[in-house]
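Novice: Structure supplied as run18.csv; contents: CSV, C-alpha atoms.
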```
chain,number,residue,atom,x,y,z
A,21,MET,CA,-77.5,216.6,145.0
A,22,VAL,CA,-76.4,213.7,147.0
A,23,ASP,CA,-76.1,211.6,143.7
A,24,SER,CA,-74.0,214.3,142.1
A,25,ASP,CA,-71.6,214.5,145.1
A,26,SER,CA,-71.3,210.7,145.0
A,27,GLY,CA,-70.3,210.8,141.3
A,28,VAL,CA,-67.5,213.2,142.0
A,29,GLU,CA,-66.2,211.1,144.9
A,30,ASN,CA,-66.2,208.0,142.8
A,31,THR,CA,-64.3,209.7,139.9
A,32,ALA,CA,-61.5,211.2,142.1
A,33,PRO,CA,-59.8,207.9,142.9
A,34,VAL,CA,-59.7,207.0,139.2
A,35,TRP,CA,-57.7,210.1,138.3
A,36,ALA,CA,-55.4,209.4,141.3
A,37,VAL,CA,-54.7,205.9,140.0
A,38,PHE,CA,-54.1,207.2,136.5
A,39,GLY,CA,-51.7,209.8,137.8
A,40,ASP,CA,-49.8,207.1,139.7
A,41,LEU,CA,-49.7,204.9,136.6
A,42,MET,CA,-48.3,207.8,134.5
A,43,SER,CA,-45.7,208.6,137.1
A,44,SER,CA,-44.6,204.9,137.2
A,45,LEU,CA,-44.4,204.8,133.4
A,46,LEU,CA,-42.4,208.0,133.3
A,47,GLY,CA,-40.0,206.6,135.9
A,48,ALA,CA,-39.6,203.4,133.9
A,49,PHE,CA,-39.0,205.3,130.7
A,50,VAL,CA,-36.3,207.5,132.4
A,51,LEU,CA,-34.6,204.4,133.8
A,52,LEU,CA,-34.7,202.7,130.4
A,53,LEU,CA,-33.3,205.9,128.8
A,54,VAL,CA,-30.5,206.0,131.3
A,55,GLY,CA,-29.7,202.4,130.7
A,56,VAL,CA,-29.6,202.8,126.9
A,57,VAL,CA,-27.3,205.9,127.3
A,58,ALA,CA,-25.0,203.9,129.6
A,59,ILE,CA,-24.8,201.0,127.1
A,60,GLN,CA,-24.1,203.4,124.2
A,61,MET,CA,-21.3,205.1,126.3
A,62,GLU,CA,-19.8,201.7,127.2
A,63,LEU,CA,-19.9,200.6,123.5
A,64,THR,CA,-18.3,203.8,122.4
A,65,SER,CA,-15.6,203.5,125.0
A,66,HIS,CA,-15.0,199.9,124.0
A,67,LEU,CA,-14.8,200.9,120.3
A,68,GLN,CA,-12.4,203.7,121.0
A,69,ASP,CA,-10.2,201.3,123.0
A,70,GLU,CA,-10.2,198.8,120.2
A,71,VAL,CA,-9.3,201.4,117.6
A,72,LYS,CA,-6.5,202.6,119.8
A,73,LYS,CA,-5.2,199.0,120.3
A,74,ARG,CA,-5.2,198.4,116.6
A,75,GLN,CA,-3.4,201.7,116.0
A,76,LEU,CA,-0.7,200.8,118.5
A,77,GLU,CA,-0.3,197.3,117.0
A,78,GLU,CA,0.1,198.8,113.5
A,79,GLN,CA,2.7,201.3,114.9
A,80,ARG,CA,4.5,198.4,116.6
A,81,ARG,CA,4.5,196.4,113.3
A,82,MET,CA,5.8,199.3,111.3
A,83,SER,CA,8.5,200.1,113.9
A,84,LEU,CA,9.7,196.5,113.9
A,85,GLU,CA,9.7,196.4,110.1
A,86,LYS,CA,11.8,199.6,110.0
A,87,ALA,CA,14.3,198.2,112.5
A,88,LEU,CA,14.7,195.0,110.5
A,89,ALA,CA,14.5,196.5,107.0
A,90,ILE,CA,17.9,195.2,105.8
A,91,PRO,CA,17.6,191.5,106.8
A,92,LEU,CA,13.9,191.5,105.7
A,93,ALA,CA,14.9,192.9,102.3
A,94,SER,CA,17.6,190.2,101.9
A,95,GLY,CA,15.0,187.5,102.5
A,96,ARG,CA,17.0,186.0,105.4
A,97,ILE,CA,14.1,186.4,107.9
A,98,THR,CA,10.4,186.7,107.8
A,99,LEU,CA,8.1,189.0,109.8
A,100,ASP,CA,4.6,187.8,110.5
A,101,ASN,CA,2.4,189.5,113.1
A,102,GLY,CA,5.4,190.6,115.1
A,103,ARG,CA,7.1,187.2,115.0
A,104,ILE,CA,10.6,187.1,113.4
A,105,GLY,CA,11.0,183.8,111.6
A,106,ILE,CA,14.3,182.1,110.7
A,107,SER,CA,14.4,178.9,108.7
A,108,GLY,CA,16.0,176.0,110.7
A,109,GLN,CA,18.3,175.1,107.8
A,110,VAL,CA,19.9,178.6,107.9
A,111,LEU,CA,20.8,178.1,111.6
A,112,PHE,CA,21.3,174.3,112.0
A,113,ALA,CA,21.9,171.1,110.2
A,114,LEU,CA,19.2,168.5,110.4
A,115,ASN,CA,18.7,167.1,114.0
A,116,SER,CA,21.6,169.3,115.2
A,117,ASP,CA,21.7,172.2,117.7
A,118,GLU,CA,25.1,173.4,116.5
A,119,LEU,CA,24.9,176.8,115.0
A,120,GLN,CA,26.2,177.1,111.4
A,121,PRO,CA,28.5,180.0,110.4
A,122,GLU,CA,25.7,181.6,108.2
A,123,GLY,CA,23.4,181.4,111.2
A,124,ARG,CA,25.8,183.2,113.5
A,125,GLN,CA,26.3,186.0,111.0
A,126,LEU,CA,22.6,186.5,110.7
A,127,LEU,CA,22.1,186.6,114.4
A,128,HIS,CA,25.0,189.1,114.7
A,129,SER,CA,23.2,191.4,112.2
A,130,LEU,CA,20.0,191.2,114.2
A,131,VAL,CA,21.4,192.1,117.6
A,132,THR,CA,21.8,195.9,117.1
A,133,PRO,CA,18.4,196.7,115.6
A,134,LEU,CA,16.6,194.4,118.0
A,135,ARG,CA,18.4,195.7,121.1
A,136,ALA,CA,17.5,199.3,120.1
A,137,TYR,CA,13.9,198.3,119.4
A,138,LEU,CA,13.5,196.4,122.8
A,139,THR,CA,15.2,199.3,124.7
A,140,ALA,CA,12.9,201.9,123.2
A,141,ARG,CA,9.8,199.9,124.1
A,142,ASP,CA,11.0,198.3,127.3
A,143,GLU,CA,10.2,194.8,126.1
A,144,LEU,CA,11.8,191.4,126.1
A,145,LEU,CA,12.7,189.0,123.3
A,146,MET,CA,11.3,185.5,123.4
A,147,VAL,CA,13.3,183.0,121.3
A,148,SER,CA,11.2,180.0,120.4
A,149,GLY,CA,12.3,176.6,118.9
A,150,PHE,CA,10.1,174.5,116.7
A,151,THR,CA,10.6,171.1,114.9
A,152,ASP,CA,8.7,169.0,112.4
A,153,ASP,CA,6.7,166.0,113.4
A,154,ARG,CA,9.2,163.3,112.6
A,155,PRO,CA,10.4,161.4,115.8
A,156,ILE,CA,14.0,161.7,116.8
A,157,ARG,CA,15.9,158.5,116.2
A,158,GLY,CA,19.3,158.2,117.8
A,159,GLY,CA,21.6,161.1,118.5
A,160,PRO,CA,21.9,163.1,121.7
A,161,PHE,CA,18.2,164.2,121.9
A,162,THR,CA,15.4,162.3,123.5
A,163,ASP,CA,12.6,163.9,121.4
A,164,ASN,CA,11.6,167.0,119.5
A,165,TRP,CA,10.9,168.9,122.7
A,166,GLU,CA,14.5,168.5,123.7
A,167,LEU,CA,15.8,169.4,120.2
A,168,SER,CA,13.7,172.5,120.0
A,169,ALA,CA,14.7,173.6,123.5
A,170,GLN,CA,18.4,173.2,122.8
A,171,ARG,CA,18.1,175.1,119.5
A,172,ALA,CA,16.3,178.0,121.3
A,173,LEU,CA,19.0,178.0,123.9
A,174,THR,CA,21.7,178.0,121.3
A,175,VAL,CA,20.2,181.0,119.6
A,176,THR,CA,19.6,182.8,122.9
A,177,ARG,CA,23.2,182.3,124.0
A,178,THR,CA,24.5,183.4,120.6
A,179,LEU,CA,22.5,186.6,120.8
A,180,ILE,CA,24.0,187.3,124.2
A,181,GLU,CA,27.5,186.6,123.0
A,182,GLU,CA,26.9,189.0,120.1
A,183,GLY,CA,25.9,191.8,122.4
A,184,MET,CA,22.2,191.3,123.4
A,185,PRO,CA,21.9,192.0,127.2
A,186,SER,CA,20.9,188.7,128.9
A,187,SER,CA,18.1,190.6,130.8
A,188,MET,CA,16.4,191.2,127.5
A,189,VAL,CA,16.1,187.7,126.1
A,190,PHE,CA,14.7,184.3,127.1
A,191,ALA,CA,14.1,180.9,125.4
A,192,ALA,CA,11.0,178.8,124.9
A,193,ALA,CA,10.5,175.3,123.3
A,194,PHE,CA,7.4,174.1,121.4
A,195,GLY,CA,8.7,170.9,119.8
A,196,SER,CA,6.5,169.8,116.9
A,197,GLU,CA,3.5,171.8,118.2
A,198,GLN,CA,2.2,174.9,116.3
A,199,PRO,CA,3.4,174.0,112.8
A,200,VAL,CA,3.1,176.8,110.2
A,201,LYS,CA,2.2,174.1,107.6
A,202,PRO,CA,0.7,170.6,107.9
A,203,ASN,CA,3.5,168.1,108.0
A,204,THR,CA,2.5,166.4,104.7
A,205,ASP,CA,5.7,166.6,102.7
A,206,ASP,CA,9.4,167.5,103.0
A,207,ALA,CA,8.9,171.1,101.9
A,208,ALA,CA,6.3,171.7,104.7
A,209,ARG,CA,8.4,170.0,107.3
A,210,ALA,CA,11.4,172.2,106.3
A,211,GLN,CA,9.2,175.3,107.0
A,212,ASN,CA,8.2,173.9,110.4
A,213,ARG,CA,11.8,173.4,111.5
A,214,ARG,CA,12.4,177.0,112.5
A,215,VAL,CA,13.3,179.5,115.2
A,216,GLU,CA,11.1,182.5,115.9
A,217,MET,CA,11.9,185.6,117.9
A,218,ALA,CA,9.1,187.9,119.2
A,219,PRO,CA,9.2,191.0,121.3
A,220,VAL,CA,6.9,190.6,124.2
A,221,PRO,CA,5.8,193.0,127.1
A,222,LYS,CA,7.6,192.7,130.4
A,223,THR,CA,5.4,191.2,133.1
A,224,ALA,CA,4.7,193.1,136.3
A,225,ASN,CA,7.1,190.8,138.2
A,226,ALA,CA,9.8,191.5,135.6
A,227,LYS,CA,9.4,195.2,136.1
A,228,ASN,CA,9.2,195.1,139.8
A,229,PRO,CA,11.2,192.1,141.1
A,230,SER,CA,10.5,191.2,144.8
```
I'd like the structure from this file rewritten - as structure tokens, please.
Specialist:
Amino acid sequence: MVDSDSGVENTAPVWAVFGDLMSSLLGAFVLLLVGVVAIQMELTSHLQDEVKKRQLEEQRRMSLEKALAIPLASGRITLDNGRIGISGQVLFALNSDELQPEGRQLLHSLVTPLRAYLTARDELLMVSGFTDDRPIRGGPFTDNWELSAQRALTVTRTLIEEGMPSSMVFAAAFGSEQPVKPNTDDAARAQNRRVEMAPVPKTANAKNPS
């Protein structure tokens, strides 16, 4: 009888340890399951945000195409990923920042649709000047940075003269940086000499000036 009782006493702790082990495994499984569910929810939310972002970008592109349908159809401007491109030779003579009559007429035709588009979306218009990689030799400009800056300013000021509110537009210069084509021949360099206009969101400071 003593041996029998001793066997029962020796077995009891084993079941207790087994129970603790099962409880620990169950707890770990629950924690793992909760973690997996949380990751899936985060991935789903991220995917939904990405889909929404792409839909908004597509709507933005279509809206801009609609606003600029006439100049786009005439081939006087290009539209690539929200950037409105104008060949430099349409606007300026080589190494000049003086706007040509054809360029002024084109800018005049863009003011009304762009102003309506910017107003509806509460955005700004960034006017960017670009050049090719050939160094400036002589003339009033020190380098391509200065030439691109002056051309961007000329376009910006002309847009304002033609009716664009000055609060809606600003200028930027990129010199020979960010070419659309490698500067390997005259045709490529002609494409790189350009002015681009792109609607951009207002910054927090622009919306809430201190």
Novice: Using only C-alpha atoms, pick whichever of A:Leu167, A:Met82, A:Val200, A:Ala113 has the shortest atom-to-atom distance to Arg154 of chain A.
Specialist: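 Nearest candidate to Arg154 of chain A out of A:Leu167, A:Met82, A:Val200, A:Ala113: A:Leu167.
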Novice: Taking only C-alpha atoms into account, name the residue in A:Glu181, A:Glu62, A:Asp205, A:Glu85 that is nearest to Asp152 of chain A.
Specialist: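 Distance minimum relative to Asp152 of chain A lands on A:Asp205.
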Novice: Quote the spacing between atom CA of Arg81 of chain A and atom CA of Ala140 of chain A in Å to one decimal place.
Specialist: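 Answer for the atom CA of Arg81 of chain A to atom CA of Ala140 of chain A separation: 14.1 Å.
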Novice: Set the distance at 7 Å and use all atoms listed in the file: which residues neighbour Leu88 of chain A once local chain neighbours fewer than 4 positions away are removed? I'd like the list as a list of chain:residue names.
Specialist: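 Surrounding residues, per the criterion: A:Leu84, A:Leu92, A:Pro133.
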Novice: Considering only C-alpha atoms, state which residue in the set A:Thr178, A:Asn115, A:Gln120, A:Gln198 is at the smallest distance from Asp163 of chain A.
Specialist: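 Nearest candidate to Asp163 of chain A out of A:Thr178, A:Asn115, A:Gln120, A:Gln198: A:Asn115.
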Novice: Just the number, please: distance in Å from atom CA of Val215 of chain A to atom CA of Val147 of chain A, one decimal.
Specialist: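 Between atom CA of Val215 of chain A and atom CA of Val147 of chain A the gap works out to 7.0 Å.
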Novice: Write out as a PyMOL selection string which residues come within 8 Å of Ala210 of chain A when counting all atoms listed in the file, dropping same-chain ones fewer than 6 positions away.
Specialist: chain A and resi 107-109+152
Novice: Just checking: using all atoms listed in the file, which residue out of A:Glu118, A:Asp40, A:Glu78, A:Asp69 ends up closest to Thr174 of chain A?
Specialist: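 Smallest distance to Thr174 of chain A is found for A:Glu118.
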Novice: Could you state the separation of atom CA of Arg171 of chain A and atom CA of Gly105 of chain A in Å, given to one decimal place?
Specialist: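 Here the two named atoms are 13.7 Å from each other.
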Novice: Nearest to Ala89 of chain A among A:Val110, A:Leu46, A:Leu130, A:Ile180, with distances taken over only C-alpha atoms: which residue is it?
Specialist: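 Nearest to Ala89 of chain A: A:Leu130.
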Novice: Could you check which of A:Ile97, A:Ile59, A:Leu126, A:Ala87 is closest to Leu138 of chain A, using all atoms listed in the file?
Specialist: A:Ala87
